file start32.txt (compact mmCIF, C-alpha atoms)
# COMPACT_ATOMS: atom_id res chain seq x y z
CA MET A 2 122.05 142.17 125.95
CA THR A 3 125.59 140.80 126.44
CA THR A 4 127.66 142.41 129.18
CA THR A 5 131.44 142.37 129.51
CA GLN A 6 132.55 139.55 131.80
CA GLY A 7 136.31 140.15 131.66
CA THR A 8 138.96 137.54 130.91
CA LEU A 9 137.84 133.96 131.42
CA THR A 10 140.38 132.10 133.55
CA ARG A 11 138.44 129.27 135.24
CA THR A 12 135.56 127.08 134.04
CA LEU A 13 133.81 124.28 135.90
CA PHE A 14 132.11 121.49 133.96
CA ILE A 15 129.37 119.44 135.62
CA SER A 16 129.27 115.99 134.04
CA GLY A 17 127.64 112.73 135.10
CA SER A 18 128.95 109.18 135.16
CA LEU A 19 125.87 107.47 133.71
CA GLY A 20 127.89 105.92 130.90
CA LYS A 21 130.83 107.81 129.40
CA GLY A 22 129.15 110.17 126.96
CA HIS A 23 128.77 113.12 129.30
CA ASP A 24 132.45 112.95 130.32
CA VAL A 25 133.49 112.75 126.67
CA LEU A 26 131.63 115.98 125.87
CA ALA A 27 132.99 117.72 128.97
CA GLU A 28 136.54 116.70 128.09
CA ALA A 29 136.16 117.93 124.51
CA CYS A 30 134.74 121.31 125.55
CA ALA A 31 137.34 121.69 128.30
CA ALA A 32 140.12 120.98 125.81
CA ALA A 33 138.80 123.74 123.53
CA LEU A 34 138.97 126.26 126.39
CA ALA A 35 142.27 124.94 127.78
CA ALA A 36 143.86 125.62 124.40
CA ARG A 37 143.01 129.29 125.03
CA GLY A 38 144.63 129.29 128.48
CA VAL A 39 141.49 128.64 130.56
CA GLU A 40 141.88 126.42 133.63
CA CYS A 41 139.14 123.79 133.58
CA GLU A 42 137.85 121.30 136.13
CA ILE A 43 135.28 118.55 135.60
CA VAL A 44 133.12 117.24 138.43
CA ASP A 45 130.81 114.23 138.43
CA ALA A 46 127.25 114.98 139.51
CA MET A 47 126.73 111.36 140.56
CA ARG A 48 129.70 111.49 142.94
CA LEU A 49 128.57 114.86 144.28
CA MET A 50 125.33 113.19 145.38
CA GLY A 51 127.32 110.99 147.73
CA LYS A 52 128.34 107.35 147.41
CA GLY A 53 125.00 105.83 148.39
CA ALA A 54 122.76 108.18 146.39
CA GLY A 55 125.02 108.13 143.33
CA ALA A 56 125.15 104.32 143.29
CA ALA A 57 121.38 104.13 143.76
CA GLY A 58 120.82 106.54 140.88
CA ASP A 59 123.10 104.51 138.62
CA TRP A 60 121.29 101.29 139.56
CA VAL A 61 117.84 102.77 138.97
CA PHE A 62 118.82 104.20 135.57
CA ARG A 63 120.31 100.89 134.42
CA ARG A 64 117.17 99.02 135.49
CA LEU A 65 114.93 101.51 133.69
CA LEU A 66 116.97 101.18 130.48
CA SER A 67 116.78 97.40 130.66
CA VAL A 68 112.97 97.40 130.24
CA ASP A 69 112.11 99.46 127.15
CA PRO A 70 108.39 100.10 127.87
CA VAL A 71 109.14 101.24 131.43
CA TYR A 72 111.86 103.69 130.38
CA ASP A 73 109.76 104.98 127.47
CA ALA A 74 106.85 105.59 129.86
CA PHE A 75 109.09 107.41 132.34
CA HIS A 76 110.83 109.44 129.64
CA PHE A 77 107.70 110.64 127.87
CA SER A 78 105.26 110.93 130.79
CA GLN A 79 107.68 112.43 133.32
CA LEU A 80 110.91 113.85 131.84
CA ARG A 81 109.41 115.23 128.64
CA ALA A 82 106.04 116.14 130.14
CA ASP A 83 107.41 117.88 133.25
CA GLY A 84 105.73 115.30 135.50
CA ARG A 85 105.54 115.60 139.27
CA LEU A 86 107.77 112.55 139.80
CA ALA A 87 110.46 113.98 137.52
CA ARG A 88 110.40 117.34 139.31
CA LEU A 89 110.70 115.58 142.66
CA LEU A 90 113.64 113.43 141.51
CA ASP A 91 115.44 116.47 140.09
CA LYS A 92 114.97 118.40 143.34
CA LEU A 93 116.17 115.48 145.46
CA ALA A 94 119.26 115.05 143.29
CA VAL A 95 120.14 118.75 143.40
CA ASP A 96 119.53 118.84 147.15
CA ARG A 97 122.08 116.04 147.60
CA MET A 98 124.58 117.60 145.20
CA PHE A 99 124.47 121.22 146.22
CA PRO A 100 126.44 121.24 149.51
CA HIS A 101 129.28 119.28 147.86
CA LEU A 102 129.15 121.44 144.73
CA LYS A 103 129.44 124.59 146.86
CA VAL A 104 132.67 123.25 148.35
CA VAL A 105 134.11 122.82 144.86
CA VAL A 106 132.94 126.24 143.69
CA ASP A 107 134.23 128.00 146.82
CA ARG A 108 137.64 126.41 146.26
CA PHE A 109 137.90 126.72 142.46
CA GLN A 110 135.95 129.99 142.05
CA PRO A 111 134.87 129.51 138.42
CA GLN A 112 133.49 132.37 136.39
CA LEU A 113 131.66 129.98 134.08
CA VAL A 114 129.79 126.74 134.85
CA VAL A 115 129.02 124.46 131.91
CA SER A 116 126.51 121.66 132.51
CA VAL A 117 126.73 118.70 130.12
CA PHE A 118 124.55 116.55 132.41
CA ALA A 119 120.89 117.39 132.94
CA THR A 120 121.00 117.36 136.76
CA GLY A 121 123.97 119.71 136.58
CA ALA A 122 121.76 122.32 134.94
CA GLY A 123 119.56 122.40 138.04
CA ALA A 124 122.59 122.59 140.32
CA ALA A 125 124.03 125.51 138.35
CA ALA A 126 120.67 127.29 138.60
CA ARG A 127 120.77 126.74 142.36
CA LEU A 128 124.26 128.33 142.47
CA LYS A 129 122.98 131.42 140.67
CA GLY A 130 119.99 131.62 142.97
CA ALA A 131 122.36 131.54 145.95
CA GLY A 132 124.17 134.61 144.62
CA TYR A 133 127.28 133.06 143.09
CA PRO A 134 128.63 135.43 140.37
CA ILE A 135 128.79 132.86 137.57
CA ALA A 136 127.63 132.57 134.01
CA SER A 137 125.75 129.32 133.35
CA VAL A 138 125.81 127.36 130.08
CA VAL A 139 124.05 124.12 129.20
CA ALA A 140 125.73 122.05 126.46
CA MET A 141 123.35 119.33 125.26
CA THR A 142 123.94 116.81 122.47
CA ASP A 143 120.60 115.02 122.86
CA SER A 144 118.28 115.73 119.94
CA PHE A 145 115.37 116.80 122.19
CA ALA A 146 115.48 118.42 125.62
CA HIS A 147 113.57 117.10 128.61
CA ARG A 148 112.58 119.20 131.60
CA PHE A 149 115.72 118.59 133.69
CA TRP A 150 117.79 120.49 131.12
CA VAL A 151 115.88 123.78 131.19
CA HIS A 152 116.08 126.33 134.00
CA GLU A 153 115.26 129.97 133.42
CA SER A 154 118.45 131.32 135.00
CA THR A 155 120.64 129.61 132.39
CA ASP A 156 122.50 132.19 130.30
CA LEU A 157 122.97 130.10 127.17
CA PHE A 158 121.89 126.72 125.77
CA LEU A 159 124.24 125.11 123.24
CA VAL A 160 122.54 122.45 121.11
CA THR A 161 123.42 120.58 117.92
CA SER A 162 120.29 121.16 115.83
CA ALA A 163 117.51 123.67 115.32
CA ALA A 164 115.00 121.06 116.49
CA ALA A 165 116.90 120.64 119.76
CA GLY A 166 116.87 124.40 120.20
CA GLU A 167 113.11 124.57 119.81
CA SER A 168 112.74 121.70 122.27
CA VAL A 169 114.44 123.95 124.85
CA ARG A 170 112.03 126.77 124.00
CA ARG A 171 109.14 124.37 124.56
CA TYR A 172 109.76 124.96 128.27
CA TRP A 173 111.19 128.49 128.08
CA PRO A 174 110.19 130.41 124.93
CA GLU A 175 112.63 133.26 125.62
CA ALA A 176 115.68 131.01 126.14
CA ARG A 177 118.95 132.07 124.52
CA VAL A 178 119.92 129.18 122.27
CA GLU A 179 122.78 128.67 119.84
CA VAL A 180 123.27 125.76 117.44
CA ILE A 181 126.85 124.52 117.19
CA THR A 182 128.75 121.44 116.11
CA ALA A 183 129.79 120.01 119.46
CA PRO A 184 133.53 119.33 119.67
CA VAL A 185 135.08 115.92 120.12
CA ARG A 186 138.24 115.15 122.07
CA PRO A 187 141.47 116.47 120.47
CA GLU A 188 142.82 113.00 119.67
CA PHE A 189 140.06 112.51 117.07
CA TYR A 190 141.28 115.55 115.14
CA ALA A 191 144.77 113.98 115.09
CA ALA A 192 143.82 110.36 114.34
CA PRO A 193 146.23 108.29 112.23
CA THR A 194 145.58 107.50 108.60
CA ARG A 195 143.62 104.39 107.70
CA ASN A 196 146.74 102.61 106.40
CA ALA A 197 148.85 103.54 109.43
CA ALA A 198 146.16 102.36 111.83
CA ARG A 199 145.70 99.09 109.95
CA ASP A 200 149.44 98.42 109.81
CA HIS A 201 149.64 98.87 113.58
CA LEU A 202 146.69 96.54 114.20
CA GLY A 203 147.67 93.92 111.61
CA ILE A 204 144.58 94.35 109.44
CA PRO A 205 144.95 93.86 105.65
CA SER A 206 144.47 97.03 103.66
CA ASP A 207 141.87 95.44 101.36
CA ALA A 208 139.76 93.86 104.12
CA THR A 209 136.38 95.07 105.31
CA CYS A 210 136.77 96.16 108.92
CA VAL A 211 134.20 97.49 111.39
CA LEU A 212 134.50 99.02 114.83
CA LEU A 213 131.84 97.43 117.03
CA MET A 214 130.96 99.18 120.28
CA SER A 215 127.93 100.37 122.21
CA GLY A 216 128.83 102.94 124.83
CA ALA A 217 130.66 102.37 128.09
CA TRP A 218 128.04 99.80 129.14
CA GLY A 219 128.45 97.65 126.02
CA LEU A 220 124.72 97.38 125.36
CA GLY A 221 123.35 94.80 122.95
CA PRO A 222 124.49 91.40 121.64
CA LEU A 223 128.01 92.53 120.76
CA ALA A 224 129.81 89.23 121.23
CA ALA A 225 127.32 87.31 119.09
CA ALA A 226 127.39 90.12 116.51
CA ALA A 227 131.19 89.99 116.36
CA ALA A 228 131.04 86.23 115.73
CA GLU A 229 128.41 86.68 113.01
CA LEU A 230 130.40 89.42 111.24
CA ALA A 231 133.67 87.48 111.45
CA SER A 232 132.01 84.35 110.02
CA GLY A 233 131.29 86.45 106.92
CA GLY A 234 134.92 87.52 106.54
CA VAL A 235 134.66 90.93 108.24
CA TRP A 236 137.41 92.04 110.59
CA VAL A 237 135.89 93.24 113.86
CA LEU A 238 137.48 95.62 116.35
CA ALA A 239 135.18 94.84 119.27
CA VAL A 240 135.15 97.21 122.26
CA ALA A 241 133.43 96.11 125.46
CA GLY A 242 133.83 99.40 127.32
CA ALA A 243 133.42 98.92 131.07
CA ASN A 244 131.35 95.75 130.56
CA ALA A 245 133.71 93.14 132.07
CA PRO A 246 131.54 90.07 131.26
CA LEU A 247 131.34 91.20 127.64
CA GLU A 248 135.11 91.69 127.50
CA ARG A 249 135.64 88.13 128.72
CA LYS A 250 133.28 86.80 126.03
CA LEU A 251 135.10 88.77 123.35
CA ARG A 252 138.49 87.49 124.43
CA VAL A 253 137.28 83.89 124.40
CA LEU A 254 135.81 84.49 120.94
CA ALA A 255 139.07 86.00 119.68
CA GLU A 256 141.00 82.88 120.68
CA ARG A 257 139.11 80.86 118.07
CA THR A 258 138.25 83.65 115.62
CA PRO A 259 141.34 85.57 114.46
CA LEU A 260 139.28 88.22 112.66
CA VAL A 261 138.00 89.49 116.03
CA ILE A 262 140.33 91.83 117.93
CA PRO A 263 138.92 92.48 121.44
CA PHE A 264 139.29 95.49 123.69
CA GLY A 265 137.93 96.43 127.08
CA PHE A 266 137.79 100.05 128.18
CA THR A 267 140.35 101.68 125.90
CA ASP A 268 141.73 105.07 124.91
CA ARG A 269 142.58 103.75 121.44
CA VAL A 270 139.18 104.47 119.90
CA PRO A 271 140.56 107.15 117.50
CA GLU A 272 143.04 104.59 116.13
CA LEU A 273 140.40 101.85 115.95
CA MET A 274 137.97 104.17 114.20
CA ALA A 275 140.63 105.26 111.72
CA ALA A 276 141.34 101.61 110.84
CA SER A 277 137.66 100.82 110.26
CA ASP A 278 135.49 101.24 107.21
CA LEU A 279 132.44 101.92 109.34
CA VAL A 280 131.32 102.07 112.96
CA VAL A 281 128.58 99.93 114.50
CA THR A 282 127.36 101.66 117.66
CA SER A 283 124.42 102.95 119.64
CA SER A 284 123.39 106.58 119.20
CA GLY A 285 125.56 108.98 121.18
CA ASP A 286 128.87 110.80 121.14
CA THR A 287 130.59 107.98 119.22
CA CYS A 288 128.51 109.01 116.21
CA ARG A 289 129.93 112.53 116.31
CA GLU A 290 133.44 111.08 116.57
CA ALA A 291 132.77 108.81 113.59
CA ARG A 292 131.54 111.73 111.50
CA THR A 293 134.68 113.69 112.41
CA LEU A 294 136.72 110.87 110.84
CA GLY A 295 134.34 110.51 107.88
CA ARG A 296 133.13 107.03 108.84
CA GLY A 297 129.69 105.62 108.08
CA ILE A 298 127.56 104.47 111.01
CA VAL A 299 125.33 101.44 111.60
CA LEU A 300 123.10 102.34 114.51
CA LEU A 301 122.05 99.79 117.12
CA ASP A 302 118.52 100.43 118.34
CA VAL A 303 119.30 99.53 121.97
CA VAL A 304 118.57 102.69 123.97
CA PRO A 305 114.87 103.53 124.45
CA GLY A 306 113.44 106.98 125.10
CA HIS A 307 115.96 109.68 124.27
CA GLY A 308 118.18 107.06 122.60
CA ARG A 309 115.64 106.49 119.84
CA GLU A 310 115.17 110.23 119.38
CA ASN A 311 118.93 110.55 118.96
CA LEU A 312 118.99 107.59 116.56
CA MET A 313 116.41 109.25 114.30
CA HIS A 314 118.48 112.45 114.26
CA GLU A 315 121.59 110.49 113.22
CA LEU A 316 119.65 108.94 110.35
CA GLU A 317 118.53 112.40 109.26
CA LEU A 318 122.18 113.55 109.12
CA GLY A 319 122.94 110.86 106.52
CA GLY A 320 125.84 108.46 106.17
CA SER A 321 124.09 106.10 108.58
CA THR A 322 121.62 103.26 108.75
CA ALA A 323 119.79 101.47 111.57
CA CYS A 324 119.38 97.83 112.49
CA MET A 325 117.65 95.67 115.04
CA PRO A 326 119.76 94.61 118.04
CA THR A 327 120.25 91.04 116.82
CA PRO A 328 123.43 89.50 115.36
CA GLU A 329 121.72 88.68 112.07
CA SER A 330 120.29 92.18 111.62
CA ILE A 331 123.64 93.79 112.45
CA ALA A 332 125.52 91.62 109.95
CA ARG A 333 122.94 92.21 107.19
CA ALA A 334 123.01 95.96 107.79
CA VAL A 335 126.81 96.01 107.56
CA ARG A 336 126.83 94.00 104.33
CA SER A 337 124.13 96.18 102.78
CA PHE A 338 125.80 99.40 103.85
CA VAL A 339 129.24 98.42 102.54
CA ALA A 340 127.73 97.34 99.23
CA ASP A 341 126.22 100.81 98.62
CA PRO A 342 128.96 103.48 98.59
CA ALA A 343 126.42 106.30 98.26
CA ARG A 344 125.07 105.40 101.72
CA PHE A 345 128.35 104.20 103.15
CA ARG A 346 130.50 107.31 102.81
CA VAL A 347 130.14 110.38 104.99
CA PRO A 348 130.81 113.37 102.70
CA PRO A 349 134.06 115.15 103.62
CA GLY A 350 133.41 118.58 105.02
CA GLY A 351 135.69 120.03 107.65
CA GLU A 352 132.80 121.44 109.67
CA ALA A 353 133.58 119.05 112.51
CA HIS A 354 137.08 120.46 112.77
CA LEU A 355 135.62 123.91 113.37
CA ALA A 356 133.67 122.67 116.39
CA PRO A 357 136.18 123.71 119.11
CA ALA A 358 136.30 127.22 117.65
CA GLN A 359 132.49 127.34 117.56
CA PHE A 360 132.32 126.42 121.24
CA VAL A 361 134.91 129.05 122.14
CA ALA A 362 133.05 131.68 120.10
CA ALA A 363 129.81 130.85 121.91
CA VAL A 364 131.54 131.41 125.26
CA GLN A 365 132.95 134.68 124.02
CA GLY A 366 129.42 135.68 123.05
CA LEU A 367 128.60 135.76 126.75
CA GLY A 368 131.04 138.64 127.11
CA PHE A 369 134.19 136.77 128.10
CA ASP A 370 137.60 137.65 126.70
CA LEU A 371 139.73 134.71 125.55

call {"tool": "encode", "arguments": {"input": "start32.txt", "output": "structure tokens"}}
result
Amino acid sequence: MTTTQGTLTRTLFISGSLGKGHDVLAEACAAALAARGVECEIVDAMRLMGKGAGAAGDWVFRRLLSVDPVYDAFHFSQLRADGRLARLLDKLAVDRMFPHLKVVVDRFQPQLVVSVFATGAGAAARLKGAGYPIASVVAMTDSFAHRFWVHESTDLFLVTSAAAGESVRRYWPEARVEVITAPVRPEFYAAPTRNAARDHLGIPSDATCVLLMSGAWGLGPLAAAAAELASGGVWVLAVAGANAPLERKLRVLAERTPLVIPFGFTDRVPELMAASDLVVTSSGDTCREARTLGRGIVLLDVVPGHGRENLMHELELGGSTACMPTPESIARAVRSFVADPARFRVPPGGEAHLAPAQFVAAVQGLGFDL
């Protein structure tokens, strides 16, 4: 039964800097609340663990992702199966975070803590166990929950599909779950028109143009894929993210291939997406942004474990196709997708534009006034 919580004035988001996706979701949700006058703060769980532990965690996760069979084994035997190693790692991470998180909470005094990073869910549960008078929400865009996400003191789980909701109840059958369309950052709701974006970037209106990116880490053969696409007459807006070696390769390529326009880590993704006919990317928050702008998606199969679960969910949503992480497969998938308008176009809807209001309504359902 929902109880009255009073007026919500302060919300703390616990994100995690393994890639950029968690921050993107936190920023989008915070913007939805900030528009209603709520003061929001976002903290990074990896930084809260301390410099040494956070860097070690980042290194270990990158190494696991780089060897598909190893990450798949860890994901399915430990994270999904509630293995002893996973429980130990979660406890160690929360132990390192908690003293630093308490300092933030004592200073900011949030009424609501929203965890968009799995380890944050455990830290929020620890806060409630210590007697902090907070409401705790988990906002998860993965298509299937693993054990780190689910703690029985969480007040509400926000997920993006019924299947994801039932994956939460796999661990806690009585969990309170709500399915929403997760919001994207405000700039995607105010993106320029296709023609305006193309004029600004110098791309012909009748050209085929793709946005090529793969998360903040720039996973996959993006430089070679950009060259392959450009050799077939496709304009390529190639984003390296925080991958400096990839950015250098793209800039060298652009010097001899005028159809390739390179970017490093950039805040121009809404403009680049608006200029493109379709988006080539790994599964993640970029897919939700592409759907908000009505763009088709070619999915790179480059993230094992939860990444492949998310990829299958994107295919189920339609307006998308998958390819192997090779330049030839990427180029063939793009050509095939563009040639078939029934697959290529994401049907216009408007549901995505209701996402901020859905998130706000879910918070209000906890008893907060906004």

call {"tool": "closest_residue", "arguments": {"input": "start32.txt", "among": "A:Arg63, A:Arg289, A:Arg249, A:His307", "to": "Leu220 in chain A", "atoms": "all atoms listed in the file"}}
result
A:Arg63

call {"tool": "residues_around", "arguments": {"input": "start32.txt", "residues": "Leu86 in chain A", "least_positions_apart": "6", "cutoff": "12 Å", "atoms": "all atoms listed in the file", "output": "number ranges by chain"}}
result
A: 75-76, 78-80, 92-93, 148-149

call {"tool": "write_last_selection", "arguments": {"input": "start32.txt", "atoms": "C-alpha atoms", "output": "PDB file, in the frame of the given file"}}
result
ATOM      1  CA  PHE A  75     109.090 107.410 132.340  1.00  0.00           C
ATOM      2  CA  HIS A  76     110.830 109.440 129.640  1.00  0.00           C
ATOM      3  CA  SER A  78     105.260 110.930 130.790  1.00  0.00           C
ATOM      4  CA  GLN A  79     107.680 112.430 133.320  1.00  0.00           C
ATOM      5  CA  LEU A  80     110.910 113.850 131.840  1.00  0.00           C
ATOM      6  CA  LYS A  92     114.970 118.400 143.340  1.00  0.00           C
ATOM      7  CA  LEU A  93     116.170 115.480 145.460  1.00  0.00           C
ATOM      8  CA  ARG A 148     112.580 119.200 131.600  1.00  0.00           C
ATOM      9  CA  PHE A 149     115.720 118.590 133.690  1.00  0.00           C
TER      10      PHE A 149
END

call {"tool": "residues_near_point", "arguments": {"input": "start32.txt", "point": "(143.8, 126.3, 127.9)", "cutoff": "12 Å", "atoms": "all atoms listed in the file", "output": "mmCIF file with C-alpha atoms, keeping the file's coordinate frame"}}
result
data_model
loop_
_atom_site.group_PDB
_atom_site.id
_atom_site.type_symbol
_atom_site.label_atom_id
_atom_site.label_comp_id
_atom_site.auth_asym_id
_atom_site.auth_seq_id
_atom_site.Cartn_x
_atom_site.Cartn_y
_atom_site.Cartn_z
ATOM 1 C CA LEU A 9 137.840 133.960 131.420
ATOM 2 C CA THR A 10 140.380 132.100 133.550
ATOM 3 C CA ARG A 11 138.440 129.270 135.240
ATOM 4 C CA THR A 12 135.560 127.080 134.040
ATOM 5 C CA ALA A 29 136.160 117.930 124.510
ATOM 6 C CA CYS A 30 134.740 121.310 125.550
ATOM 7 C CA ALA A 31 137.340 121.690 128.300
ATOM 8 C CA ALA A 32 140.120 120.980 125.810
ATOM 9 C CA ALA A 33 138.800 123.740 123.530
ATOM 10 C CA LEU A 34 138.970 126.260 126.390
ATOM 11 C CA ALA A 35 142.270 124.940 127.780
ATOM 12 C CA ALA A 36 143.860 125.620 124.400
ATOM 13 C CA ARG A 37 143.010 129.290 125.030
ATOM 14 C CA GLY A 38 144.630 129.290 128.480
ATOM 15 C CA VAL A 39 141.490 128.640 130.560
ATOM 16 C CA GLU A 40 141.880 126.420 133.630
ATOM 17 C CA CYS A 41 139.140 123.790 133.580
ATOM 18 C CA GLU A 42 137.850 121.300 136.130
ATOM 19 C CA PRO A 357 136.180 123.710 119.110
ATOM 20 C CA VAL A 361 134.910 129.050 122.140
ATOM 21 C CA LEU A 371 139.730 134.710 125.550
#

call {"tool": "atom_distance", "arguments": {"input": "start32.txt", "atom1": "CA of Pro184 in chain A", "atom2": "CA of Leu355 in chain A"}}
result
8.1 Å

call {"tool": "closest_residue", "arguments": {"input": "start32.txt", "among": "A:Ala343, A:Val304, A:Ala217, A:Leu128", "to": "Ser67 in chain A", "atoms": "all atoms listed in the file"}}
result
A:Val304

call {"tool": "axis_aligned_box", "arguments": {"input": "start32.txt", "around": "range 244-259 of chain A", "padding_each_side": "3 Å", "output": "lines of an AutoDock Vina configuration file"}}
result
center_x = 136.3
center_y = 88.3
center_z = 123.3
size_x = 16.0
size_y = 20.9
size_z = 23.6

call {"tool": "closest_residue", "arguments": {"input": "start32.txt", "among": "A:Arg48, A:Trp236, A:Ser215, A:Ala241", "to": "Leu300 in chain A", "atoms": "only C-alpha atoms"}}
result
A:Ser215

call {"tool": "atom_distance", "arguments": {"input": "start32.txt", "atom1": "CA of His314 in chain A", "atom2": "CA of His23 in chain A"}}
result
18.2 Å

call {"tool": "residues_around", "arguments": {"input": "start32.txt", "residues": "Leu213 in chain A", "least_positions_apart": "3", "cutoff": "9 Å", "atoms": "all atoms listed in the file", "output": "ChimeraX atom specification"}}
result
/A:223,226-227,237-241,279-282

call {"tool": "atom_distance", "arguments": {"input": "start32.txt", "atom1": "CA of Ala27 in chain A", "atom2": "CA of Ile15 in chain A"}}
result
7.8 Å

call {"tool": "residues_around", "arguments": {"input": "start32.txt", "residues": "Ala197 in chain A", "least_positions_apart": "5", "cutoff": "9 Å", "atoms": "only C-alpha atoms", "output": "list in words"}}
result
Leu202, Glu272, Ala275 and Ala276 of chain A

call {"tool": "write_last_selection", "arguments": {"input": "start32.txt", "atoms": "C-alpha atoms", "output": "short mmCIF file (atom, residue, chain, number, x, y, z; two decimals), in the frame of the given file"}}
result
data_model
loop_
_atom_site.label_atom_id
_atom_site.label_comp_id
_atom_site.auth_asym_id
_atom_site.auth_seq_id
_atom_site.Cartn_x
_atom_site.Cartn_y
_atom_site.Cartn_z
CA LEU A 202 146.69 96.54 114.20
CA GLU A 272 143.04 104.59 116.13
CA ALA A 275 140.63 105.26 111.72
CA ALA A 276 141.34 101.61 110.84
#

call {"tool": "closest_residue", "arguments": {"input": "start32.txt", "among": "A:Asn244, A:Ser18, A:Ser277, A:Thr194", "to": "Ala208 in chain A", "atoms": "all atoms listed in the file"}}
result
A:Ser277

call {"tool": "residues_near_point", "arguments": {"input": "start32.txt", "point": "(115.7, 103.4, 129.9)", "cutoff": "12 Å", "atoms": "all atoms listed in the file", "output": "list in words"}}
result
Leu19, Asp59, Trp60, Val61, Phe62, Arg63, Arg64, Leu65, Leu66, Ser67, Val68, Asp69, Pro70, Val71, Tyr72, Asp73, Ala74, Phe75, His76, Phe77, Leu80, Leu220, Val303, Val304, Pro305, Gly306, His307, Gly308 and Arg309 of chain A

call {"tool": "residues_around", "arguments": {"input": "start32.txt", "residues": "Val178 in chain A", "least_positions_apart": "4", "cutoff": "9 Å", "atoms": "only C-alpha atoms", "output": "list of chain:residue names"}}
result
A:Asp156, A:Leu157, A:Phe158, A:Leu159, A:Val160, A:Gly166, A:Glu167, A:Val169, A:Arg170

call {"tool": "residues_around", "arguments": {"input": "start32.txt", "residues": "range 103-112 of chain A", "least_positions_apart": "3", "cutoff": "12 Å", "atoms": "only C-alpha atoms", "output": "ChimeraX atom specification"}}
result
/A:6-15,39-46,49,95-100,115,124-125,127-129,131-138,364,367-370

call {"tool": "write_last_selection", "arguments": {"input": "start32.txt", "atoms": "C-alpha atoms", "output": "PDB file, in the coordinates of the input"}}
result
ATOM      1  CA  GLN A   6     132.550 139.550 131.800  1.00  0.00           C
ATOM      2  CA  GLY A   7     136.310 140.150 131.660  1.00  0.00           C
ATOM      3  CA  THR A   8     138.960 137.540 130.910  1.00  0.00           C
ATOM      4  CA  LEU A   9     137.840 133.960 131.420  1.00  0.00           C
ATOM      5  CA  THR A  10     140.380 132.100 133.550  1.00  0.00           C
ATOM      6  CA  ARG A  11     138.440 129.270 135.240  1.00  0.00           C
ATOM      7  CA  THR A  12     135.560 127.080 134.040  1.00  0.00           C
ATOM      8  CA  LEU A  13     133.810 124.280 135.900  1.00  0.00           C
ATOM      9  CA  PHE A  14     132.110 121.490 133.960  1.00  0.00           C
ATOM     10  CA  ILE A  15     129.370 119.440 135.620  1.00  0.00           C
ATOM     11  CA  VAL A  39     141.490 128.640 130.560  1.00  0.00           C
ATOM     12  CA  GLU A  40     141.880 126.420 133.630  1.00  0.00           C
ATOM     13  CA  CYS A  41     139.140 123.790 133.580  1.00  0.00           C
ATOM     14  CA  GLU A  42     137.850 121.300 136.130  1.00  0.00           C
ATOM     15  CA  ILE A  43     135.280 118.550 135.600  1.00  0.00           C
ATOM     16  CA  VAL A  44     133.120 117.240 138.430  1.00  0.00           C
ATOM     17  CA  ASP A  45     130.810 114.230 138.430  1.00  0.00           C
ATOM     18  CA  ALA A  46     127.250 114.980 139.510  1.00  0.00           C
ATOM     19  CA  LEU A  49     128.570 114.860 144.280  1.00  0.00           C
ATOM     20  CA  VAL A  95     120.140 118.750 143.400  1.00  0.00           C
ATOM     21  CA  ASP A  96     119.530 118.840 147.150  1.00  0.00           C
ATOM     22  CA  ARG A  97     122.080 116.040 147.600  1.00  0.00           C
ATOM     23  CA  MET A  98     124.580 117.600 145.200  1.00  0.00           C
ATOM     24  CA  PHE A  99     124.470 121.220 146.220  1.00  0.00           C
ATOM     25  CA  PRO A 100     126.440 121.240 149.510  1.00  0.00           C
ATOM     26  CA  VAL A 115     129.020 124.460 131.910  1.00  0.00           C
ATOM     27  CA  ALA A 124     122.590 122.590 140.320  1.00  0.00           C
ATOM     28  CA  ALA A 125     124.030 125.510 138.350  1.00  0.00           C
ATOM     29  CA  ARG A 127     120.770 126.740 142.360  1.00  0.00           C
ATOM     30  CA  LEU A 128     124.260 128.330 142.470  1.00  0.00           C
ATOM     31  CA  LYS A 129     122.980 131.420 140.670  1.00  0.00           C
ATOM     32  CA  ALA A 131     122.360 131.540 145.950  1.00  0.00           C
ATOM     33  CA  GLY A 132     124.170 134.610 144.620  1.00  0.00           C
ATOM     34  CA  TYR A 133     127.280 133.060 143.090  1.00  0.00           C
ATOM     35  CA  PRO A 134     128.630 135.430 140.370  1.00  0.00           C
ATOM     36  CA  ILE A 135     128.790 132.860 137.570  1.00  0.00           C
ATOM     37  CA  ALA A 136     127.630 132.570 134.010  1.00  0.00           C
ATOM     38  CA  SER A 137     125.750 129.320 133.350  1.00  0.00           C
ATOM     39  CA  VAL A 138     125.810 127.360 130.080  1.00  0.00           C
ATOM     40  CA  VAL A 364     131.540 131.410 125.260  1.00  0.00           C
ATOM     41  CA  LEU A 367     128.600 135.760 126.750  1.00  0.00           C
ATOM     42  CA  GLY A 368     131.040 138.640 127.110  1.00  0.00           C
ATOM     43  CA  PHE A 369     134.190 136.770 128.100  1.00  0.00           C
ATOM     44  CA  ASP A 370     137.600 137.650 126.700  1.00  0.00           C
TER      45      ASP A 370
END
